[in-house]
file upload_17.pdb (PDB, C-alpha atoms)
ATOM      1  CA  VAL A 174      22.096  -3.763-250.805
ATOM      2  CA  CYS A 175      18.825  -5.378-249.869
ATOM      3  CA  PHE A 176      17.031  -5.568-246.569
ATOM      4  CA  ALA A 177      18.320  -8.277-244.270
ATOM      5  CA  SER A 178      16.771 -11.635-245.050
ATOM      6  CA  ALA A 179      19.462 -14.043-243.888
ATOM      7  CA  GLU A 180      18.433 -17.021-241.803
ATOM      8  CA  ALA A 181      18.284 -15.802-238.216
ATOM      9  CA  ASN A 182      20.086 -17.325-235.252
ATOM     10  CA  MET A 183      17.061 -19.159-233.925
ATOM     11  CA  SER A 184      16.542 -22.096-231.616
ATOM     12  CA  SER A 185      14.132 -24.908-232.424
ATOM     13  CA  SER A 186      11.523 -23.211-230.247
ATOM     14  CA  GLY A 187      11.604 -20.096-232.441
ATOM     15  CA  SER A 188      13.194 -17.772-229.885
ATOM     16  CA  ALA A 189      16.578 -16.120-230.226
ATOM     17  CA  SER A 190      19.483 -18.389-229.323
ATOM     18  CA  ALA A 191      21.640 -17.457-226.359
ATOM     19  CA  PHE A 192      24.288 -14.810-226.948
ATOM     20  CA  LYS A 193      27.222 -13.912-224.738
ATOM     21  CA  TYR A 194      26.757 -10.154-224.697
ATOM     22  CA  VAL A 195      23.288  -9.515-226.136
ATOM     23  CA  THR A 196      19.739 -10.254-225.033
ATOM     24  CA  VAL A 197      16.453  -9.849-226.913
ATOM     25  CA  SER A 198      13.229  -9.009-225.092
ATOM     26  CA  SER A 199       9.757  -7.649-225.828
ATOM     27  CA  GLY A 200       8.858  -3.981-225.650
ATOM     28  CA  SER A 201       5.682  -2.633-224.094
ATOM     29  CA  SER A 202       3.646  -4.402-226.773
ATOM     30  CA  SER A 203       4.108  -7.267-229.204
ATOM     31  CA  SER A 204       5.028  -4.819-231.972
ATOM     32  CA  SER A 205       8.490  -4.000-230.568
ATOM     33  CA  CYS A 206      11.604  -5.780-229.349
ATOM     34  CA  ILE A 207      14.594  -4.568-227.345
ATOM     35  CA  ILE A 208      18.151  -5.654-228.103
ATOM     36  CA  THR A 209      20.213  -5.041-224.975
ATOM     37  CA  ILE A 210      24.012  -4.847-225.154
ATOM     38  CA  LYS A 211      26.036  -5.717-222.071
ATOM     39  CA  ARG A 212      29.777  -6.243-222.251
ATOM     40  CA  GLU A 213      31.362  -4.966-219.071
ATOM     41  CA  PRO A 214      32.749  -2.564-218.229
ATOM     42  CA  VAL A 215      31.860  -0.127-221.055
ATOM     43  CA  ASN A 216      30.382  -2.177-223.934
ATOM     44  CA  SER A 217      33.610  -2.022-225.949
ATOM     45  CA  MET A 218      32.838  -3.438-229.377
ATOM     46  CA  ASN A 219      34.824  -6.491-230.434
ATOM     47  CA  ALA A 220      34.124  -8.768-233.401
ATOM     48  CA  LEU A 221      31.890 -11.072-231.374
ATOM     49  CA  LEU A 222      29.754  -8.237-230.031
ATOM     50  CA  TRP A 223      29.231  -6.737-233.494
ATOM     51  CA  SER A 224      28.321 -10.209-234.767
ATOM     52  CA  GLU A 225      25.869 -10.837-231.935
ATOM     53  CA  ILE A 226      24.104  -7.516-232.460
ATOM     54  CA  ARG A 227      23.657  -8.343-236.153
ATOM     55  CA  GLN A 228      22.451 -11.869-235.386
ATOM     56  CA  ALA A 229      20.017 -10.565-232.775
ATOM     57  CA  LEU A 230      18.608  -8.085-235.293
ATOM     58  CA  GLU A 231      18.248 -10.862-237.860
ATOM     59  CA  SER A 232      16.431 -12.957-235.251
ATOM     60  CA  VAL A 233      13.965 -10.141-234.636
ATOM     61  CA  GLU A 234      13.521  -9.590-238.380
ATOM     62  CA  HIS A 235      12.873 -13.311-238.811
ATOM     63  CA  LEU A 236      10.155 -13.154-236.163
ATOM     64  CA  ALA A 237       8.787  -9.985-237.766
ATOM     65  CA  SER A 238       8.580 -11.740-241.121
ATOM     66  CA  SER A 239       6.758 -14.676-239.504
ATOM     67  CA  SER A 240       4.307 -12.329-237.776
ATOM     68  CA  SER A 241       3.863  -9.870-240.656
ATOM     69  CA  SER A 242       0.330 -11.082-241.356
ATOM     70  CA  GLY A 243      -0.623 -10.827-237.714
ATOM     71  CA  GLY A 244      -1.941  -7.279-237.795
ATOM     72  CA  ALA A 245      -1.644  -5.696-234.376
ATOM     73  CA  ASN A 246       0.615  -8.530-233.229
ATOM     74  CA  ALA A 247       3.197  -7.979-235.973
ATOM     75  CA  ILE A 248       6.679  -6.902-234.924
ATOM     76  CA  LYS A 249       7.421  -3.480-236.380
ATOM     77  CA  SER A 250      10.297  -1.987-234.416
ATOM     78  CA  VAL A 251      13.464  -2.707-232.472
ATOM     79  CA  VAL A 252      15.264  -0.663-229.822
ATOM     80  CA  PHE A 253      19.017  -0.943-229.171
ATOM     81  CA  ALA A 254      19.904  -0.287-225.539
ATOM     82  CA  SER A 255      22.767  -0.605-223.062
ATOM     83  CA  GLY A 256      22.433  -3.074-220.210
ATOM     84  CA  LEU A 257      25.211  -1.443-218.180
ATOM     85  CA  SER A 258      24.463   0.199-214.842
ATOM     86  CA  ARG A 259      26.800   3.098-215.627
ATOM     87  CA  ASP A 260      25.863   5.872-218.040
ATOM     88  CA  VAL A 261      27.419   4.403-221.183
ATOM     89  CA  PHE A 262      25.716   3.296-224.383
ATOM     90  CA  THR A 263      29.002   1.961-225.741
ATOM     91  CA  ALA A 264      32.479   3.440-225.435
ATOM     92  CA  GLY A 265      33.285   2.396-228.996
ATOM     93  CA  ASN A 266      35.478  -0.261-230.548
ATOM     94  CA  ASP A 267      37.689  -2.482-228.424
ATOM     95  CA  LEU A 268      41.253  -1.244-228.863
ATOM     96  CA  ASN A 269      42.501  -4.830-228.785
ATOM     97  CA  GLU A 270      40.874  -5.227-232.202
ATOM     98  CA  LEU A 271      42.711  -2.161-233.520
ATOM     99  CA  TYR A 272      46.145  -2.123-231.888
ATOM    100  CA  ALA A 273      48.380  -3.767-234.496
ATOM    101  CA  PRO A 274      50.804  -5.519-232.076
ATOM    102  CA  ALA A 275      47.823  -7.140-230.316
ATOM    103  CA  THR A 276      46.142  -8.485-233.422
ATOM    104  CA  SER A 277      46.865  -9.598-237.003
ATOM    105  CA  GLU A 278      45.770  -8.514-240.459
ATOM    106  CA  SER A 279      43.424 -11.484-240.857
ATOM    107  CA  ARG A 280      41.850 -10.934-237.432
ATOM    108  CA  PHE A 281      41.525  -7.207-238.136
ATOM    109  CA  ASN A 282      39.831  -7.919-241.490
ATOM    110  CA  HIS A 283      37.389 -10.267-239.754
ATOM    111  CA  PHE A 284      36.619  -7.617-237.156
ATOM    112  CA  TRP A 285      36.091  -4.946-239.806
ATOM    113  CA  SER A 286      33.785  -7.238-241.770
ATOM    114  CA  GLU A 287      31.659  -8.028-238.706
ATOM    115  CA  GLN A 288      31.455  -4.351-237.791
ATOM    116  CA  THR A 289      30.399  -3.190-241.244
ATOM    117  CA  SER A 290      27.945  -6.060-241.748
ATOM    118  CA  CYS A 291      26.221  -5.111-238.499
ATOM    119  CA  LEU A 292      26.071  -1.405-239.325
ATOM    120  CA  LEU A 293      24.652  -2.039-242.811
ATOM    121  CA  ALA A 294      22.096  -4.472-241.404
ATOM    122  CA  ILE A 295      20.853  -1.787-239.014
ATOM    123  CA  LEU A 296      20.920   0.929-241.680
ATOM    124  CA  MET A 297      18.830  -1.147-244.116
ATOM    125  CA  SER A 298      16.570  -2.966-241.664
ATOM    126  CA  PRO A 299      12.915  -3.252-242.726
ATOM    127  CA  LEU A 300      11.980  -2.479-239.120
ATOM    128  CA  CYS A 301      11.858   0.886-237.396
ATOM    129  CA  THR A 302      15.126   1.091-235.439
ATOM    130  CA  VAL A 303      15.761   3.269-232.395
ATOM    131  CA  ALA A 304      18.961   3.727-230.381
ATOM    132  CA  ALA A 305      18.321   4.335-226.664
ATOM    133  CA  VAL A 306      21.458   6.249-225.696
ATOM    134  CA  LYS A 307      22.419   6.931-222.120
ATOM    135  CA  GLY A 308      25.557   8.851-221.259
ATOM    136  CA  ALA A 309      28.724   8.353-223.296
ATOM    137  CA  CYS A 310      28.295   7.393-226.948
ATOM    138  CA  PRO A 311      31.494   8.079-228.904
ATOM    139  CA  ALA A 312      32.782   6.647-232.181
ATOM    140  CA  GLY A 313      31.509   3.089-232.736
ATOM    141  CA  GLY A 314      28.496   3.713-230.512
ATOM    142  CA  CYS A 315      27.765   6.944-232.336
ATOM    143  CA  ILE A 316      27.799   5.314-235.775
ATOM    144  CA  LEU A 317      25.554   2.493-234.565
ATOM    145  CA  SER A 318      23.104   5.162-233.412
ATOM    146  CA  LEU A 319      23.366   7.082-236.697
ATOM    147  CA  CYS A 320      22.483   3.902-238.589
ATOM    148  CA  CYS A 321      19.217   3.751-236.638
ATOM    149  CA  ASP A 322      16.118   5.604-237.774
ATOM    150  CA  TYR A 323      15.834   7.529-234.508
ATOM    151  CA  VAL A 324      17.840   8.253-231.358
ATOM    152  CA  VAL A 325      16.340   8.803-227.919
ATOM    153  CA  ALA A 326      18.897   9.948-225.360
ATOM    154  CA  THR A 327      19.309  10.987-221.748
ATOM    155  CA  SER A 328      20.061  14.620-221.050
ATOM    156  CA  ASN A 329      23.661  13.766-220.080
ATOM    157  CA  ALA A 330      24.382  11.943-223.350
ATOM    158  CA  THR A 331      27.338  12.924-225.517
ATOM    159  CA  MET A 332      27.825  11.742-229.099
ATOM    160  CA  GLY A 333      30.481  12.113-231.761
ATOM    161  CA  LEU A 334      32.977  10.539-234.136
ATOM    162  CA  ASN A 335      36.131  11.436-232.218
ATOM    163  CA  GLU A 336      38.689   9.179-233.909
ATOM    164  CA  VAL A 337      41.078  11.973-234.913
ATOM    165  CA  ALA A 338      41.885  12.505-231.230
ATOM    166  CA  LEU A 339      43.727   9.174-231.475
ATOM    167  CA  GLY A 340      45.390  10.088-234.741
ATOM    168  CA  ILE A 341      42.950   7.852-236.619
ATOM    169  CA  ALA A 342      40.856   8.896-239.596
ATOM    170  CA  VAL A 343      37.105   8.731-239.152
ATOM    171  CA  PRO A 344      35.968   5.849-241.413
ATOM    172  CA  ARG A 345      34.785   7.325-244.705
ATOM    173  CA  TYR A 346      31.172   6.228-244.658
ATOM    174  CA  TRP A 347      30.791   6.977-240.970
ATOM    175  CA  ALA A 348      31.675  10.582-241.761
ATOM    176  CA  LEU A 349      29.396  10.627-244.813
ATOM    177  CA  LEU A 350      26.446   9.335-242.797
ATOM    178  CA  LEU A 351      27.051  12.015-240.189
ATOM    179  CA  ALA A 352      27.198  14.591-243.002
ATOM    180  CA  GLN A 353      23.843  13.373-244.330
ATOM    181  CA  THR A 354      22.419  13.947-240.862
ATOM    182  CA  VAL A 355      23.894  17.284-239.777
ATOM    183  CA  GLY A 356      25.220  18.797-243.015
ATOM    184  CA  HIS A 357      28.668  18.619-244.601
ATOM    185  CA  ARG A 358      30.412  21.560-242.949
ATOM    186  CA  ARG A 359      29.092  20.789-239.476
ATOM    187  CA  ALA A 360      30.106  17.123-239.842
ATOM    188  CA  GLU A 361      33.561  18.211-241.009
ATOM    189  CA  HIS A 362      33.910  20.458-237.976
ATOM    190  CA  TYR A 363      32.733  17.790-235.530
ATOM    191  CA  CYS A 364      34.990  15.075-236.971
ATOM    192  CA  ASN A 365      38.108  17.208-237.293
ATOM    193  CA  THR A 366      37.778  18.585-233.765
ATOM    194  CA  ALA A 367      36.918  15.163-232.267
ATOM    195  CA  ALA A 368      33.822  16.780-230.798
ATOM    196  CA  LEU A 369      31.632  14.889-228.364
ATOM    197  CA  VAL A 370      28.422  16.857-228.718
ATOM    198  CA  PRO A 371      26.046  17.226-225.739
ATOM    199  CA  ALA A 372      22.507  15.954-226.106
ATOM    200  CA  SER A 373      20.930  19.384-226.488
ATOM    201  CA  GLN A 374      23.181  20.266-229.441
ATOM    202  CA  ALA A 375      22.786  16.802-230.973
ATOM    203  CA  GLN A 376      19.025  17.276-230.874
ATOM    204  CA  ALA A 377      19.320  20.685-232.536
ATOM    205  CA  ASP A 378      21.497  19.074-235.229
ATOM    206  CA  GLY A 379      18.910  16.375-235.944
ATOM    207  CA  ILE A 380      20.910  13.476-234.480
ATOM    208  CA  ILE A 381      18.653  12.989-231.464
ATOM    209  CA  ALA A 382      14.870  12.861-231.828
ATOM    210  CA  LYS A 383      13.935  13.033-228.133
ATOM    211  CA  ILE A 384      15.719  13.766-224.856
ATOM    212  CA  VAL A 385      14.617  12.343-221.503
ATOM    213  CA  PRO A 386      15.848  13.467-218.070
ATOM    214  CA  ASP A 387      17.349  10.174-216.918
ATOM    215  CA  SER A 388      17.931   6.511-217.744
ATOM    216  CA  GLU A 389      14.776   5.352-215.948
ATOM    217  CA  GLN A 390      12.660   7.069-218.588
ATOM    218  CA  LEU A 391      14.891   6.132-221.509
ATOM    219  CA  ILE A 392      13.642   2.686-222.541
ATOM    220  CA  PRO A 393       9.930   3.500-222.177
ATOM    221  CA  ALA A 394      10.416   6.651-224.262
ATOM    222  CA  ALA A 395      12.436   4.812-226.921
ATOM    223  CA  VAL A 396       9.888   2.005-227.180
ATOM    224  CA  ALA A 397       7.018   4.500-227.374
ATOM    225  CA  LEU A 398       8.733   6.391-230.200
ATOM    226  CA  ALA A 399       9.551   3.167-232.029
ATOM    227  CA  GLU A 400       5.973   1.935-231.817
ATOM    228  CA  LYS A 401       4.545   5.301-232.864
ATOM    229  CA  ASN A 402       6.839   5.941-235.821
ATOM    230  CA  GLY A 403       7.112   2.323-236.860
ATOM    231  CA  LYS A 404       3.450   1.573-237.466
ATOM    232  CA  TYR A 405       4.079   1.127-241.209
ATOM    233  CA  ALA A 406       7.428  -0.619-240.798
ATOM    234  CA  ASN A 407       8.040  -4.000-242.421
ATOM    235  CA  THR A 408       5.412  -3.324-245.093
ATOM    236  CA  PRO A 409       6.184  -3.191-248.841
ATOM    237  CA  GLY A 410       5.741   0.570-249.115
ATOM    238  CA  TYR A 411       7.860   1.311-246.049
ATOM    239  CA  MET A 412      10.658  -1.031-247.120
ATOM    240  CA  ALA A 413      10.753   0.275-250.676
ATOM    241  CA  THR A 414      10.843   3.906-249.547
ATOM    242  CA  LYS A 415      13.485   3.362-246.889
ATOM    243  CA  GLY A 416      15.539   1.351-249.343
ATOM    244  CA  ALA A 417      15.329   4.003-252.046
ATOM    245  CA  LEU A 418      16.529   6.713-249.671
ATOM    246  CA  ARG A 419      19.450   4.689-248.301
ATOM    247  CA  GLU A 420      20.438   2.300-251.063
ATOM    248  CA  THR A 421      23.066   4.479-252.762
ATOM    249  CA  LEU A 422      25.060   5.095-249.597
ATOM    250  CA  ALA A 423      24.643   1.506-248.389
ATOM    251  CA  THR A 424      25.694  -0.014-251.716
ATOM    252  CA  ASP A 425      28.735   2.234-252.026
ATOM    253  CA  TRP A 426      29.664   1.570-248.390
ATOM    254  CA  ALA A 427      29.404  -2.215-248.807
ATOM    255  CA  ARG A 428      31.514  -2.126-251.964
ATOM    256  CA  TYR A 429      34.205   0.022-250.313
ATOM    257  CA  ALA A 430      34.221  -2.111-247.163
ATOM    258  CA  ALA A 431      34.622  -5.337-249.104
ATOM    259  CA  ARG A 432      38.325  -4.742-249.741
ATOM    260  CA  GLU A 433      39.669  -1.196-249.979
ATOM    261  CA  GLU A 434      38.577   0.029-246.550
ATOM    262  CA  PRO A 435      40.061  -2.774-244.401
ATOM    263  CA  GLU A 436      43.305  -2.713-246.399
ATOM    264  CA  THR A 437      43.643   1.055-245.972
ATOM    265  CA  ALA A 438      42.635   0.921-242.316
ATOM    266  CA  TRP A 439      45.093  -1.870-241.502
ATOM    267  CA  ALA A 440      47.941  -0.029-243.225
ATOM    268  CA  GLY A 441      47.115   3.013-241.110
ATOM    269  CA  MET A 442      47.001   0.991-237.882
ATOM    270  CA  CYS A 443      50.511  -0.334-238.623
ATOM    271  CA  GLU A 444      52.118   3.088-238.986
ATOM    272  CA  PRO A 445      54.758   3.510-236.240
ATOM    273  CA  GLU A 446      53.342   6.771-234.896
ATOM    274  CA  ARG A 447      49.845   5.244-234.749
ATOM    275  CA  VAL A 448      51.129   2.154-232.945
ATOM    276  CA  LYS A 449      52.991   4.323-230.442
ATOM    277  CA  ALA A 450      49.980   6.550-229.769
ATOM    278  CA  MET A 451      47.569   3.652-229.350
ATOM    279  CA  GLY A 452      50.026   1.777-227.146
ATOM    280  CA  ALA A 453      50.257   4.794-224.854
ATOM    281  CA  LEU A 454      46.470   5.085-224.786
ATOM    282  CA  MET A 455      46.052   1.411-223.887
ATOM    283  CA  ALA A 456      48.587   1.806-221.078
ATOM    284  CA  ARG A 457      46.634   4.746-219.665
ATOM    285  CA  MET A 458      43.366   2.849-219.949
ATOM    286  CA  THR A 459      44.847  -0.139-218.127
ATOM    287  CA  LYS A 460      45.696   2.137-215.196
ATOM    288  CA  LYS A 461      42.137   3.476-215.206
ATOM    289  CA  ALA A 462      40.449   0.097-215.628
ATOM    290  CA  LYS A 463      38.674   0.396-212.288
ATOM    291  CA  SER A 464      37.581   3.978-212.870
ATOM    292  CA  SER A 465      33.872   4.641-213.314
ATOM    293  CA  ALA A 466      34.528   7.203-216.068
ATOM    294  CA  PRO A 467      35.011   5.399-219.424
ATOM    295  CA  SER A 468      37.522   6.682-221.951
ATOM    296  CA  SER A 469      36.319   7.371-225.458
ATOM    297  CA  ARG A 470      37.409   4.820-228.020
ATOM    298  CA  LEU A 471      37.204   4.302-231.742
TER     299      LEU A 471
END
call {"tool": "encode", "arguments": {"input": "upload_17.pdb", "output": "structure tokens"}}
result
Amino acid sequence: VCFASAEANMSSSGSASAFKYVTVSSGSSSSSCIITIKREPVNSMNALLWSEIRQALESVEHLASSSSSGGANAIKSVVFASGLSRDVFTAGNDLNELYAPATSESRFNHFWSEQTSCLLAILMSPLCTVAAVKGACPAGGCILSLCCDYVVATSNATMGLNEVALGIAVPRYWALLLAQTVGHRRAEHYCNTAALVPASQAQADGIIAKIVPDSEQLIPAAVALAEKNGKYANTPGYMATKGALRETLATDWARYAAREEPETAWAGMCEPERVKAMGALMARMTKKAKSSAPSSRL
């Protein structure tokens, strides 16, 4: 797996084309960009949102490549942030993409491909990547954050791969990436207990690099960390080193996701007990649709 170099989604003026759920803006200096995710009410991740995040990242990387000879003006880092007013980074994958009666095998495979392509693009980006996490960050939001180089979070943040609470296996390489971060036995414990770890513990485990008191301080702190730690990003030495450290996992993940993973995942989603459990969950979530407290998703 190589660093992303696909043609970015650019307009003729050289700026990122309009997205439905994602915006791209500048950080505090020309060396950073912010990718803001906003899909009301809780940033549930469907195929389009995963695709837009990947395309936005590719747009920033395209600009970074164009500015790489610009010295102080070169883009080095990107921050992923939530544009929601409530304390949610993302509540995870949209259950409509996972609930077998609401989808199809071909649609599910497309969703899984978009999801994995986005995660691998973040994991192997030549830029310094930072997740700015406020509040709830389960499952799909958690793995997006783990694919970043650093996480800055609010003190009320919670993070975890909690899929087993729905009777769903944590995706293999999601669990392996968590294990690389916190250690095998701790990752096993967190996954198998569907733990949503508070920010203080996540920082002690090495998931979170910095905690801020509230969301007002979150983006400035994330941008500052990205600009500080990304000063060598998008240079040959940085890219080669980052690639060497991540290439084995990324290559194995991409190979597994190409066929075996979506087939296995779809078969699991079609199991009668799984369908029944997810149907009951979706019914409960429909009743709570106007609640300000988001439910954790895959």
call {"tool": "atom_distance", "arguments": {"input": "upload_17.pdb", "atom1": "CA of Val252 in chain A", "atom2": "CA of Ser328 in chain A"}}
result
18.3 Å
call {"tool": "resolve_selection", "arguments": {"input": "upload_17.pdb", "expression": "the PyMOL selection byres ((chain A and resi 391-408) around 6)", "output": "list in words"}}
result
Lys249, Ser250, Pro299, Leu300, Cys301, Ala305, Val325, Ser388, Glu389, Gln390, Pro409, Gly410 and Tyr411 of chain A
call {"tool": "residues_around", "arguments": {"input": "upload_17.pdb", "residues": "Cys310 in chain A", "least_positions_apart": "2", "cutoff": "9 Å", "atoms": "all atoms listed in the file", "output": "list in words"}}
result
Val261, Phe262, Thr263, Ala264, Gly265, Val306, Lys307, Gly308, Ala312, Gly313, Gly314, Cys315, Ser318, Ala330, Thr331, Met332, Gly333, Leu369 and Ser469 of chain A
call {"tool": "residues_around", "arguments": {"input": "upload_17.pdb", "residues": "range 195-199 of chain A", "least_positions_apart": "5", "cutoff": "9 Å", "atoms": "all atoms listed in the file", "output": "PyMOL selection string"}}
result
chain A and resi 189+204-212+222+225-226+229-230+232-233+256
call {"tool": "atom_distance", "arguments": {"input": "upload_17.pdb", "atom1": "CA of Ala417 in chain A", "atom2": "CA of Met297 in chain A"}}
result
10.1 Å
call {"tool": "atom_distance", "arguments": {"input": "upload_17.pdb", "atom1": "CA of Met455 in chain A", "atom2": "CA of Gly441 in chain A"}}
result
17.3 Å
call {"tool": "residues_around", "arguments": {"input": "upload_17.pdb", "residues": "Val303 in chain A", "least_positions_apart": "6", "cutoff": "6 Å", "atoms": "all atoms listed in the file", "output": "list in words"}}
result
Val252, Cys321, Asp322, Tyr323 and Val324 of chain A
call {"tool": "resolve_selection", "arguments": {"input": "upload_17.pdb", "expression": "the PyMOL selection byres ((chain A and resi 219) around 7)", "output": "ChimeraX atom specification"}}
result
/A:217-218,220-223,266-267,270
call {"tool": "resolve_selection", "arguments": {"input": "upload_17.pdb", "expression": "the PyMOL selection byres ((chain A and resi 352) around 12)", "output": "NGL selection string"}}
result
:A and (316 or 319 or 333-334 or 345-351 or 353-364 or 378-380 or 422)
call {"tool": "write_last_selection", "arguments": {"input": "upload_17.pdb", "atoms": "C-alpha atoms", "output": "CSV table (one decimal), in the coordinates of the input"}}
result
chain,number,residue,atom,x,y,z
A,316,ILE,CA,27.8,5.3,-235.8
A,319,LEU,CA,23.4,7.1,-236.7
A,333,GLY,CA,30.5,12.1,-231.8
A,334,LEU,CA,33.0,10.5,-234.1
A,345,ARG,CA,34.8,7.3,-244.7
A,346,TYR,CA,31.2,6.2,-244.7
A,347,TRP,CA,30.8,7.0,-241.0
A,348,ALA,CA,31.7,10.6,-241.8
A,349,LEU,CA,29.4,10.6,-244.8
A,350,LEU,CA,26.4,9.3,-242.8
A,351,LEU,CA,27.1,12.0,-240.2
A,353,GLN,CA,23.8,13.4,-244.3
A,354,THR,CA,22.4,13.9,-240.9
A,355,VAL,CA,23.9,17.3,-239.8
A,356,GLY,CA,25.2,18.8,-243.0
A,357,HIS,CA,28.7,18.6,-244.6
A,358,ARG,CA,30.4,21.6,-242.9
A,359,ARG,CA,29.1,20.8,-239.5
A,360,ALA,CA,30.1,17.1,-239.8
A,361,GLU,CA,33.6,18.2,-241.0
A,362,HIS,CA,33.9,20.5,-238.0
A,363,TYR,CA,32.7,17.8,-235.5
A,364,CYS,CA,35.0,15.1,-237.0
A,378,ASP,CA,21.5,19.1,-235.2
A,379,GLY,CA,18.9,16.4,-235.9
A,380,ILE,CA,20.9,13.5,-234.5
A,422,LEU,CA,25.1,5.1,-249.6
call {"tool": "axis_aligned_box", "arguments": {"input": "upload_17.pdb", "around": "range 366-375 of chain A", "padding_each_side": "8 Å", "output": "lines of an AutoDock Vina configuration file"}}
result
center_x = 29.4
center_y = 17.6
center_z = -229.8
size_x = 32.8
size_y = 21.4
size_z = 24.0
